[in-house]
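Colleague: My structure is in query-v9.txt, and what it holds is compact mmCIF, C-alpha atoms:
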# COMPACT_ATOMS: atom_id res chain seq x y z
CA MET A 1 -11.48 4.33 -22.15
CA SER A 2 -9.38 3.86 -19.05
CA LEU A 3 -10.61 2.15 -15.90
CA LEU A 4 -8.02 3.53 -13.50
CA THR A 5 -5.93 6.21 -15.18
CA PRO A 6 -6.76 9.74 -14.00
CA LYS A 7 -7.16 12.75 -16.27
CA ALA A 8 -6.72 16.47 -15.67
CA PRO A 9 -10.04 18.36 -16.20
CA PRO A 10 -12.42 18.89 -13.26
CA LEU A 11 -14.71 15.90 -13.01
CA ILE A 12 -18.22 15.45 -11.71
CA GLY A 13 -18.47 12.30 -9.63
CA VAL A 14 -21.57 10.37 -10.69
CA ASP A 15 -22.66 7.62 -8.32
CA ILE A 16 -25.30 5.42 -9.99
CA SER A 17 -27.05 3.36 -7.31
CA SER A 18 -30.20 1.26 -7.52
CA THR A 19 -32.56 4.03 -6.41
CA ALA A 20 -30.89 7.33 -7.35
CA VAL A 21 -28.06 9.06 -9.14
CA LYS A 22 -25.86 11.39 -7.09
CA LEU A 23 -23.74 14.07 -8.76
CA LEU A 24 -20.98 15.87 -6.88
CA GLN A 25 -18.24 18.25 -7.99
CA LEU A 26 -15.42 19.41 -5.72
CA THR A 27 -12.80 22.14 -6.04
CA GLN A 28 -9.60 22.37 -4.04
CA ALA A 29 -8.04 25.40 -2.35
CA GLY A 30 -4.82 24.58 -0.54
CA ALA A 31 -5.42 21.47 1.53
CA ARG A 32 -9.19 22.02 1.72
CA TYR A 33 -11.90 20.83 -0.59
CA ARG A 34 -15.08 22.69 -1.34
CA VAL A 35 -18.38 21.25 -2.55
CA GLU A 36 -19.27 23.28 -5.65
CA HIS A 37 -22.15 21.38 -7.21
CA TYR A 38 -24.41 18.65 -5.92
CA ALA A 39 -27.72 16.99 -6.80
CA VAL A 40 -29.55 13.73 -6.16
CA GLU A 41 -32.17 12.50 -8.59
CA PRO A 42 -34.34 9.43 -7.84
CA LEU A 43 -34.46 6.61 -10.37
CA PRO A 44 -37.63 4.75 -11.40
CA PRO A 45 -37.92 1.31 -9.76
CA ASN A 46 -35.84 -1.40 -11.50
CA ALA A 47 -33.92 1.01 -13.79
CA VAL A 48 -30.83 -0.29 -11.97
CA VAL A 49 -30.98 -3.75 -10.40
CA GLU A 50 -28.21 -4.82 -7.99
CA LYS A 51 -25.81 -2.29 -9.53
CA ASN A 52 -26.52 -3.33 -13.13
CA ILE A 53 -28.08 -0.71 -15.42
CA VAL A 54 -31.21 -2.25 -16.96
CA GLU A 55 -32.89 0.84 -18.46
CA VAL A 56 -30.12 3.04 -19.80
CA GLU A 57 -32.53 5.78 -21.02
CA ALA A 58 -34.12 6.14 -17.58
CA VAL A 59 -30.70 6.46 -15.95
CA GLY A 60 -29.58 8.93 -18.63
CA ASP A 61 -32.71 11.05 -18.06
CA ALA A 62 -32.08 11.12 -14.30
CA ILE A 63 -28.44 12.14 -14.84
CA ARG A 64 -29.58 14.92 -17.18
CA ARG A 65 -32.10 16.26 -14.65
CA ALA A 66 -29.55 16.13 -11.83
CA PHE A 67 -26.87 17.74 -14.00
CA THR A 68 -29.20 20.58 -14.98
CA ARG A 69 -30.05 21.16 -11.32
CA THR A 70 -26.39 21.27 -10.24
CA GLY A 71 -25.65 24.22 -12.55
CA ALA A 72 -22.19 22.73 -13.12
CA ARG A 73 -20.30 23.85 -16.22
CA THR A 74 -17.89 20.97 -16.69
CA LYS A 75 -19.12 18.16 -18.91
CA PHE A 76 -16.56 15.59 -17.81
CA ALA A 77 -17.62 12.84 -15.45
CA CYS A 78 -16.25 9.94 -13.45
CA ALA A 79 -18.55 6.98 -12.70
CA ALA A 80 -17.85 3.51 -11.32
CA VAL A 81 -18.72 -0.11 -11.86
CA ALA A 82 -19.63 -2.31 -8.88
CA GLY A 83 -16.87 -4.27 -7.20
CA SER A 84 -18.70 -7.51 -8.00
CA ALA A 85 -18.49 -6.65 -11.73
CA VAL A 86 -14.71 -6.28 -11.60
CA ILE A 87 -11.91 -8.78 -11.32
CA THR A 88 -8.79 -7.38 -9.67
CA LYS A 89 -5.49 -9.13 -9.31
CA VAL A 90 -2.10 -7.96 -8.07
CA ILE A 91 0.58 -9.35 -10.40
CA PRO A 92 4.35 -9.07 -9.85
CA MET A 93 6.15 -7.81 -12.98
CA PRO A 94 9.79 -6.99 -13.81
CA ALA A 95 10.46 -3.38 -12.75
CA ASP A 96 12.50 -2.52 -15.85
CA LEU A 97 9.68 -3.03 -18.41
CA SER A 98 8.68 0.00 -20.47
CA GLU A 99 5.00 1.11 -20.38
CA ASP A 100 4.34 -0.55 -23.75
CA ASP A 101 6.02 -3.81 -22.79
CA LEU A 102 4.17 -3.78 -19.47
CA GLU A 103 0.87 -3.30 -21.29
CA GLY A 104 1.63 -6.18 -23.65
CA GLN A 105 2.66 -8.41 -20.76
CA ILE A 106 -0.51 -7.50 -18.80
CA GLN A 107 -2.65 -8.57 -21.79
CA VAL A 108 -0.90 -11.96 -21.79
CA GLU A 109 -1.24 -12.38 -18.00
CA ALA A 110 -4.88 -11.26 -18.06
CA ASN A 111 -5.83 -14.30 -20.14
CA GLN A 112 -4.95 -16.54 -17.18
CA TYR A 113 -7.06 -14.66 -14.66
CA ILE A 114 -10.17 -13.63 -16.55
CA PRO A 115 -12.97 -16.11 -17.22
CA TYR A 116 -14.34 -14.19 -20.24
CA PRO A 117 -13.03 -13.89 -23.81
CA ILE A 118 -10.46 -11.09 -23.68
CA GLU A 119 -12.22 -9.16 -26.50
CA GLU A 120 -15.27 -8.77 -24.21
CA VAL A 121 -13.26 -7.19 -21.41
CA SER A 122 -12.09 -3.66 -20.53
CA LEU A 123 -8.67 -3.81 -18.90
CA ASP A 124 -6.58 -1.33 -17.01
CA PHE A 125 -3.61 -1.46 -14.68
CA GLU A 126 -1.86 0.64 -12.10
CA LYS A 127 1.67 0.29 -10.68
CA LEU A 128 1.51 -0.15 -6.91
CA GLY A 129 5.22 -0.16 -6.04
CA PRO A 130 8.12 -2.56 -5.52
CA VAL A 131 7.58 -6.15 -4.41
CA LYS A 132 8.59 -6.63 -0.77
CA ASP A 133 12.15 -8.06 -0.50
CA ASN A 134 12.59 -7.99 -4.29
CA PRO A 135 13.46 -4.54 -5.74
CA GLU A 136 13.70 -5.92 -9.30
CA MET A 137 9.97 -6.62 -9.37
CA ILE A 138 6.97 -4.30 -9.00
CA ASN A 139 3.40 -5.11 -8.05
CA VAL A 140 0.88 -4.16 -10.71
CA LEU A 141 -2.86 -3.97 -10.01
CA LEU A 142 -4.87 -5.40 -12.89
CA ALA A 143 -8.54 -4.41 -13.08
CA ALA A 144 -10.88 -5.97 -15.61
CA SER A 145 -14.59 -5.62 -16.18
CA ARG A 146 -16.83 -6.90 -18.94
CA THR A 147 -16.98 -4.15 -21.53
CA GLU A 148 -20.80 -4.10 -21.43
CA ASN A 149 -20.67 -2.96 -17.76
CA VAL A 150 -18.43 -0.07 -18.70
CA ASP A 151 -20.32 0.73 -21.92
CA MET A 152 -23.69 0.98 -20.14
CA ARG A 153 -22.30 3.59 -17.76
CA VAL A 154 -20.63 5.51 -20.57
CA ALA A 155 -23.93 5.44 -22.52
CA ALA A 156 -25.99 6.62 -19.51
CA LEU A 157 -23.59 9.54 -18.90
CA ASP A 158 -23.71 10.37 -22.59
CA LEU A 159 -27.52 10.46 -22.58
CA GLY A 160 -27.30 12.70 -19.51
CA GLY A 161 -25.15 15.22 -21.40
CA LEU A 162 -21.85 14.20 -19.78
CA THR A 163 -18.65 12.69 -21.16
CA ALA A 164 -17.11 9.77 -19.27
CA LYS A 165 -13.44 10.51 -18.62
CA VAL A 166 -12.85 7.86 -15.99
CA ILE A 167 -14.71 4.68 -15.16
CA ASP A 168 -13.53 3.67 -11.71
CA VAL A 169 -14.44 0.77 -9.42
CA GLU A 170 -16.75 1.46 -6.46
CA VAL A 171 -14.41 -0.25 -3.97
CA PHE A 172 -11.52 1.99 -5.08
CA ALA A 173 -13.75 5.08 -4.96
CA MET A 174 -14.63 4.12 -1.37
CA GLU A 175 -10.95 3.72 -0.55
CA ASN A 176 -10.24 7.09 -2.14
CA ALA A 177 -12.94 8.76 -0.02
CA PHE A 178 -11.71 6.99 3.10
CA LYS A 179 -8.84 9.48 3.46
CA LEU A 180 -11.48 12.21 3.95
CA ILE A 181 -12.75 10.48 7.10
CA ALA A 182 -9.51 8.92 8.38
CA ASP A 183 -8.90 11.73 10.87
CA GLN A 184 -12.43 11.36 12.30
CA LEU A 185 -11.52 7.88 13.53
CA THR A 186 -10.26 7.07 17.00
CA VAL A 187 -7.87 4.34 15.85
CA SER A 188 -4.31 4.42 14.51
CA ARG A 189 -3.57 4.52 10.79
CA ASP A 190 -2.58 0.85 10.59
CA ALA A 191 -5.73 -0.30 12.41
CA LEU A 192 -8.17 -2.67 10.76
CA VAL A 193 -11.25 -0.68 9.75
CA ALA A 194 -14.51 -2.16 8.43
CA LEU A 195 -16.23 0.34 6.15
CA ILE A 196 -19.82 -0.79 5.62
CA ASP A 197 -21.95 0.91 2.99
CA VAL A 198 -25.63 0.06 3.43
CA GLY A 199 -27.45 1.35 0.38
CA ALA A 200 -30.97 0.77 -0.88
CA THR A 201 -30.54 -2.80 -2.11
CA MET A 202 -26.88 -3.69 -1.56
CA THR A 203 -24.58 -3.71 1.44
CA THR A 204 -20.84 -3.60 0.77
CA LEU A 205 -18.12 -4.36 3.30
CA SER A 206 -14.62 -3.03 2.61
CA VAL A 207 -11.92 -3.85 5.14
CA LEU A 208 -9.02 -1.41 5.11
CA LYS A 209 -5.56 -1.64 6.64
CA ASN A 210 -3.17 1.30 6.26
CA GLN A 211 -6.02 2.88 4.28
CA ARG A 212 -5.80 0.24 1.55
CA THR A 213 -8.61 -2.22 0.84
CA ILE A 214 -7.63 -5.77 1.75
CA TYR A 215 -11.09 -7.35 1.45
CA SER A 216 -14.43 -6.52 -0.08
CA ARG A 217 -17.78 -8.30 -0.28
CA GLU A 218 -21.29 -7.36 -1.41
CA GLN A 219 -24.56 -8.70 -0.08
CA VAL A 220 -28.17 -8.10 -1.10
CA PHE A 221 -29.67 -6.10 1.78
CA GLY A 222 -30.64 -2.48 2.15
CA GLY A 223 -33.04 0.33 2.95
CA LYS A 224 -35.50 -0.69 0.26
CA GLN A 225 -36.63 -3.47 2.60
CA LEU A 226 -37.61 -0.80 5.11
CA THR A 227 -39.39 1.22 2.41
CA ASP A 228 -41.27 -1.90 1.23
CA GLU A 229 -42.39 -2.66 4.80
CA VAL A 230 -43.60 0.96 5.27
CA MET A 231 -45.55 0.71 1.97
CA ARG A 232 -47.10 -2.62 2.96
CA ARG A 233 -48.02 -1.66 6.51
CA TYR A 234 -49.29 1.87 5.93
CA GLY A 235 -50.67 1.54 2.40
CA LEU A 236 -48.34 4.16 0.91
CA SER A 237 -46.85 4.47 -2.58
CA TYR A 238 -43.11 3.95 -3.11
CA GLU A 239 -42.51 7.74 -3.26
CA GLU A 240 -44.68 8.45 -0.18
CA ALA A 241 -42.95 5.74 1.83
CA GLY A 242 -39.49 7.06 0.94
CA LEU A 243 -40.52 10.57 1.91
CA ALA A 244 -42.15 9.47 5.16
CA LYS A 245 -39.00 7.55 6.12
CA ARG A 246 -36.91 10.70 5.73
CA GLN A 247 -39.31 13.40 6.95
CA GLY A 248 -41.42 11.55 9.52
CA GLY A 249 -45.20 11.70 9.74
CA LEU A 250 -45.67 7.96 10.26
CA PRO A 251 -47.79 6.53 13.12
CA GLU A 252 -46.16 6.17 16.54
CA SER A 253 -46.06 2.39 16.09
CA TYR A 254 -43.52 2.83 13.24
CA GLU A 255 -40.48 3.16 15.53
CA ILE A 256 -41.16 -0.01 17.51
CA GLU A 257 -42.90 -2.22 14.97
CA VAL A 258 -41.02 -1.37 11.77
CA LEU A 259 -37.83 0.61 12.37
CA GLU A 260 -36.45 -1.37 15.33
CA PRO A 261 -36.74 -4.78 13.58
CA PHE A 262 -35.05 -3.29 10.50
CA LYS A 263 -32.18 -1.95 12.64
CA GLU A 264 -31.81 -5.37 14.26
CA ALA A 265 -31.71 -6.99 10.81
CA MET A 266 -29.10 -4.45 9.67
CA VAL A 267 -26.83 -5.21 12.65
CA GLN A 268 -27.22 -8.95 11.91
CA GLN A 269 -26.21 -8.41 8.26
CA ILE A 270 -23.15 -6.42 9.32
CA GLY A 271 -22.21 -9.15 11.79
CA ARG A 272 -22.63 -11.78 9.08
CA LEU A 273 -20.44 -9.89 6.59
CA LEU A 274 -17.71 -9.57 9.23
CA GLN A 275 -17.94 -13.31 9.95
CA PHE A 276 -17.30 -14.03 6.24
CA PHE A 277 -14.21 -11.84 6.45
CA PHE A 278 -12.90 -13.47 9.64
CA ALA A 279 -13.53 -16.97 8.24
CA GLY A 280 -11.40 -16.27 5.17
CA SER A 281 -8.58 -14.25 6.72
CA GLU A 282 -6.05 -14.36 9.54
CA TYR A 283 -8.06 -11.75 11.50
CA GLY A 284 -10.57 -12.40 14.25
CA LYS A 285 -11.65 -8.82 14.94
CA VAL A 286 -11.73 -5.32 13.49
CA ASP A 287 -10.70 -2.19 15.41
CA GLN A 288 -13.37 0.17 14.12
CA ILE A 289 -16.60 0.06 12.11
CA VAL A 290 -17.52 2.98 9.85
CA LEU A 291 -21.11 3.09 8.56
CA ALA A 292 -21.84 4.71 5.21
CA GLY A 293 -24.72 4.70 2.73
CA GLY A 294 -28.28 5.96 3.12
CA CYS A 295 -29.07 3.62 6.03
CA ALA A 296 -26.18 5.00 8.12
CA SER A 297 -28.38 8.07 8.79
CA ILE A 298 -30.96 6.03 10.71
CA PRO A 299 -31.01 7.47 14.25
CA GLY A 300 -29.31 5.25 16.82
CA ILE A 301 -27.96 2.68 14.35
CA SER A 302 -24.26 3.27 15.10
CA GLU A 303 -24.89 2.93 18.85
CA MET A 304 -26.75 -0.33 18.24
CA VAL A 305 -23.92 -1.71 16.07
CA GLU A 306 -21.34 -0.74 18.69
CA GLU A 307 -23.36 -2.26 21.53
CA GLN A 308 -24.20 -5.56 19.81
CA LEU A 309 -20.93 -6.19 17.96
CA GLY A 310 -18.63 -4.74 20.62
CA VAL A 311 -16.64 -2.59 18.19
CA PRO A 312 -16.42 1.24 18.23
CA CYS A 313 -18.68 2.52 15.43
CA VAL A 314 -18.93 5.91 13.72
CA VAL A 315 -21.05 7.27 10.86
CA ALA A 316 -19.01 8.43 7.86
CA ASN A 317 -19.07 12.12 7.00
CA PRO A 318 -16.73 12.69 4.03
CA LEU A 319 -17.80 16.36 3.87
CA ALA A 320 -16.97 17.19 7.51
CA SER A 321 -13.93 19.37 6.79
CA MET A 322 -15.13 20.77 3.45
CA SER A 323 -16.52 24.22 2.80
CA LEU A 324 -19.72 24.58 0.79
CA SER A 325 -20.64 26.78 -2.13
CA PRO A 326 -23.21 29.36 -0.92
CA ARG A 327 -25.84 28.03 -3.37
CA LEU A 328 -25.95 24.65 -1.59
CA GLN A 329 -28.20 23.78 1.35
CA ALA A 330 -25.98 22.77 4.24
CA GLN A 331 -28.77 20.86 5.98
CA THR A 332 -29.56 18.67 2.96
CA LEU A 333 -25.90 17.92 2.41
CA ALA A 334 -25.34 17.04 6.07
CA GLN A 335 -28.24 14.58 5.90
CA ASP A 336 -26.95 13.01 2.68
CA ALA A 337 -23.24 12.99 3.69
CA PRO A 338 -22.97 9.31 4.76
CA ALA A 339 -24.40 8.29 1.37
CA LEU A 340 -21.84 10.36 -0.54
CA MET A 341 -18.69 8.28 0.01
CA ILE A 342 -18.64 6.85 -3.53
CA ALA A 343 -19.59 10.20 -5.13
CA CYS A 344 -16.79 11.90 -3.12
CA GLY A 345 -14.27 9.22 -4.07
CA LEU A 346 -15.17 9.70 -7.74
CA ALA A 347 -15.09 13.52 -7.54
CA LEU A 348 -11.62 13.34 -5.95
CA ARG A 349 -10.30 11.82 -9.17
CA SER A 350 -10.13 15.42 -10.45
CA PHE A 351 -7.06 15.97 -8.25
CA ASP A 352 -5.06 12.80 -8.93
Show how you would write the structure in this file as structure tokens.
Modeller:
Amino acid sequence: MSLLTPKAPPLIGVDISSTAVKLLQLTQAGARYRVEHYAVEPLPPNAVVEKNIVEVEAVGDAIRRAFTRTGARTKFACAAVAGSAVITKVIPMPADLSEDDLEGQIQVEANQYIPYPIEEVSLDFEKLGPVKDNPEMINVLLAASRTENVDMRVAALDLGGLTAKVIDVEVFAMENAFKLIADQLTVSRDALVALIDVGATMTTLSVLKNQRTIYSREQVFGGKQLTDEVMRRYGLSYEEAGLAKRQGGLPESYEIEVLEPFKEAMVQQIGRLLQFFFAGSEYGKVDQIVLAGGCASIPGISEMVEEQLGVPCVVANPLASMSLSPRLQAQTLAQDAPALMIACGLALRSFD
């Protein structure tokens, strides 16, 4: 089971978050991608907690329902483990090693970097290119995750009727999807871009330079806090609150008393994540903020971020230049687009 190595068949990207599973399959014609199949299926509360699968059957059932709804024919899937569940390290290695020798050497090196017994770990590596100023060495990216993290995802896909071909890492899937939005940005390619994914329970900051991730951090914060507040204040069930958030129908007081404070809290969280980055790096500012995840669709949030943090801010739309299969609803997809960065990044593995 490889963590990073791509395979040839068309893959369905399966993003398993704490509140839903999202399935997406792309095809490619020339330089353009097309969305062929897509479905989102909600998960029961606590089936996935902070990116860890707790109830594998519940997740498998949701994947099966979503897969049936997509009408997709391929059975091969690509899912991802959370960045916090993966240890990555760039290791310089002699450039003249054969694949087998490199693999053996990586196993030896891995022992130094990984705090778990090596038999409990799934390892993979990818050659990044020559070491700067030393052509005899190459940089190799080592990725390791506890095997149970990988196995749970493989098992959930299996229960859902899919076969795991690739288990990726969410941060790399984000980076992969970033090239879909790069031309929507107003900054140069080598600019420092903060990509912030605000999901239901977790917020992830990835900082990219030259479209490569140089920093990543996760924090517990997300749209579920808004849902919980709507439930508490208006006496709604979890499902009703989620629906009301998306479709409206809440009292007029909602905007001022509930939504505005949540937006303020979200901007504070983003500011805090950026401060962590600045404190641990040579940088004191970023050139652009890109908002992704379900919370990025909240009206006015990007303007508020831009105003309060003083950095140009846009909402990610990885589907902007894609065509859609006629059986898909353009409106639904447009609404969900900011939350589809990881699913897009995973689906793009079909074309590696």
Colleague: So that I can see what lies close to range 46-58 of chain A, please list as a PyMOL selection string the residues with an atom at most 7 Å from it, counting all atoms listed in the file and leaving out residues fewer than 5 positions away in the same chain.
Modeller: chain A and resi 17-18+82+152+156+201-202
Colleague: Save the residues we just selected, C-alpha atoms, as a PDB file, in the coordinates of the input?
Modeller:
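For reference, selection15.pdb as written:
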ATOM      1  CA  SER A  17     -27.050   3.360  -7.310  1.00  0.00           C
ATOM      2  CA  SER A  18     -30.200   1.260  -7.520  1.00  0.00           C
ATOM      3  CA  ALA A  82     -19.630  -2.310  -8.880  1.00  0.00           C
ATOM      4  CA  MET A 152     -23.690   0.980 -20.140  1.00  0.00           C
ATOM      5  CA  ALA A 156     -25.990   6.620 -19.510  1.00  0.00           C
ATOM      6  CA  THR A 201     -30.540  -2.800  -2.110  1.00  0.00           C
ATOM      7  CA  MET A 202     -26.880  -3.690  -1.560  1.00  0.00           C
TER       8      MET A 202
END
Colleague: Could you tell me how far CA of Leu26 in chain A lies from CA of Gln335 in chain A, in Å and to one decimal?
Modeller: 18.0 Å
Colleague: Could you check how far CA of Glu260 in chain A sits from CA of Pro312 in chain A, in Å to one decimal?
Modeller: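 Separation between CA of Glu260 in chain A and CA of Pro312 in chain A: 20.4 Å.
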Colleague: Report as a tab-separated table: every residue of range 166-234 of chain A with an atom at most 12 Å from range 125-145 of chain A, its closest pair of atoms, and their distance in Å to one decimal, counting only C-alpha atoms, with rows sorted by chain and ascending residue number.
Modeller:
residue	atom	partner	partner_atom	distance
A:Ile167	CA	A:Ser145	CA	10.4
A:Asp168	CA	A:Ala143	CA	9.6
A:Val169	CA	A:Ala143	CA	8.7
A:Val171	CA	A:Ala143	CA	11.6
A:Phe172	CA	A:Ala143	CA	10.7
A:Arg212	CA	A:Leu128	CA	11.2
Colleague: Under the rule that all atoms listed in the file are counted, which of A:Ser84, A:Val187, A:Phe262, A:Pro299 is the nearest residue to Ser216 in chain A?
Modeller: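 Counting all atoms listed in the file, the residue closest to Ser216 in chain A is A:Ser84.
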Colleague: Quick one: distance from CA of Met174 in chain A to CA of Ser325 in chain A in Å, one decimal?
Modeller: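 For CA of Met174 in chain A relative to CA of Ser325 in chain A, the distance reads 23.5 Å.
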Colleague: Residues of range 188-264 of chain A that approach range 269-284 of chain A to 12 Å or less, counting only C-alpha atoms: could you list each one with the shortest pair of atoms and its distance in Å to one decimal, rows by chain and increasing residue number, as a tab-separated table?
Modeller:
residue	atom	partner	partner_atom	distance
A:Ala191	CA	A:Tyr283	CA	11.7
A:Leu192	CA	A:Tyr283	CA	9.1
A:Val193	CA	A:Leu274	CA	11.0
A:Ala194	CA	A:Leu274	CA	8.1
A:Leu195	CA	A:Ile270	CA	10.2
A:Ile196	CA	A:Ile270	CA	7.5
A:Asp197	CA	A:Ile270	CA	9.8
A:Val198	CA	A:Ile270	CA	9.1
A:Met202	CA	A:Gln269	CA	10.9
A:Thr203	CA	A:Gln269	CA	8.4
A:Thr204	CA	A:Leu273	CA	8.6
A:Leu205	CA	A:Leu273	CA	6.8
A:Ser206	CA	A:Phe277	CA	9.6
A:Val207	CA	A:Phe277	CA	8.4
A:Leu208	CA	A:Phe277	CA	11.7
A:Lys209	CA	A:Tyr283	CA	11.5
A:Ile214	CA	A:Ser281	CA	9.9
A:Tyr215	CA	A:Phe277	CA	7.4
A:Ser216	CA	A:Phe277	CA	8.4
A:Arg217	CA	A:Leu273	CA	7.5
A:Glu218	CA	A:Leu273	CA	8.4
A:Gln219	CA	A:Leu273	CA	7.9
A:Val220	CA	A:Gln269	CA	9.6
A:Phe221	CA	A:Gln269	CA	7.7
A:Gly222	CA	A:Gln269	CA	9.6
A:Phe262	CA	A:Gln269	CA	10.5
A:Lys263	CA	A:Gln269	CA	9.8
A:Glu264	CA	A:Gln269	CA	8.8
Colleague: Kindly indicate which residue among A:Ile106, A:Val35, A:Leu346, A:Val290 lies nearest to Ala334 in chain A, using all atoms listed in the file for the distances.
Modeller: A:Val35
Colleague: Using only C-alpha atoms for the distances, tell me which of A:Gly310, A:Gly83, A:Pro326, A:Gly60 is nearest to Leu159 in chain A.
Modeller: A:Gly60
Colleague: I want to know what sits within 10 Å of Arg69 in chain A, based on only C-alpha atoms, with residues of the same chain fewer than 4 positions away left out; could you give that as a PyMOL selection string?
Modeller: chain A and resi 23+37-41+63-65
Colleague: Can you work out which one of A:Ser122, A:Thr70, A:Thr163, A:Gln105 has the shortest atom-to-atom distance to Asn149 in chain A, counting all atoms listed in the file?
Modeller: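 Smallest separation from Asn149 in chain A among the options: A:Ser122.
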Colleague: So which one's closest to Ile12 in chain A, A:Val315, A:Ala343, A:Cys295, A:Leu324? Using only C-alpha atoms, please.
Modeller: A:Ala343
Colleague: For Glu119 in chain A, which of A:Arg146, A:Ser188, A:Glu229, A:Lys75 is the closest residue, counting all atoms listed in the file?
Modeller: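 The closest residue to Glu119 in chain A is A:Arg146.
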Colleague: With all atoms listed in the file counted, which protein, DNA or RNA residues have an atom no more than 7 Å from (-5.6, -9.6, -11.8) in the file frame? Please answer as a list of chain:residue names.
Modeller: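 I get A:Ile87, A:Thr88, A:Lys89, A:Val90, A:Ile91, A:Ala110, A:Tyr113, A:Leu141, A:Leu142, A:Ala143 for the residues within 7 Å of that point.
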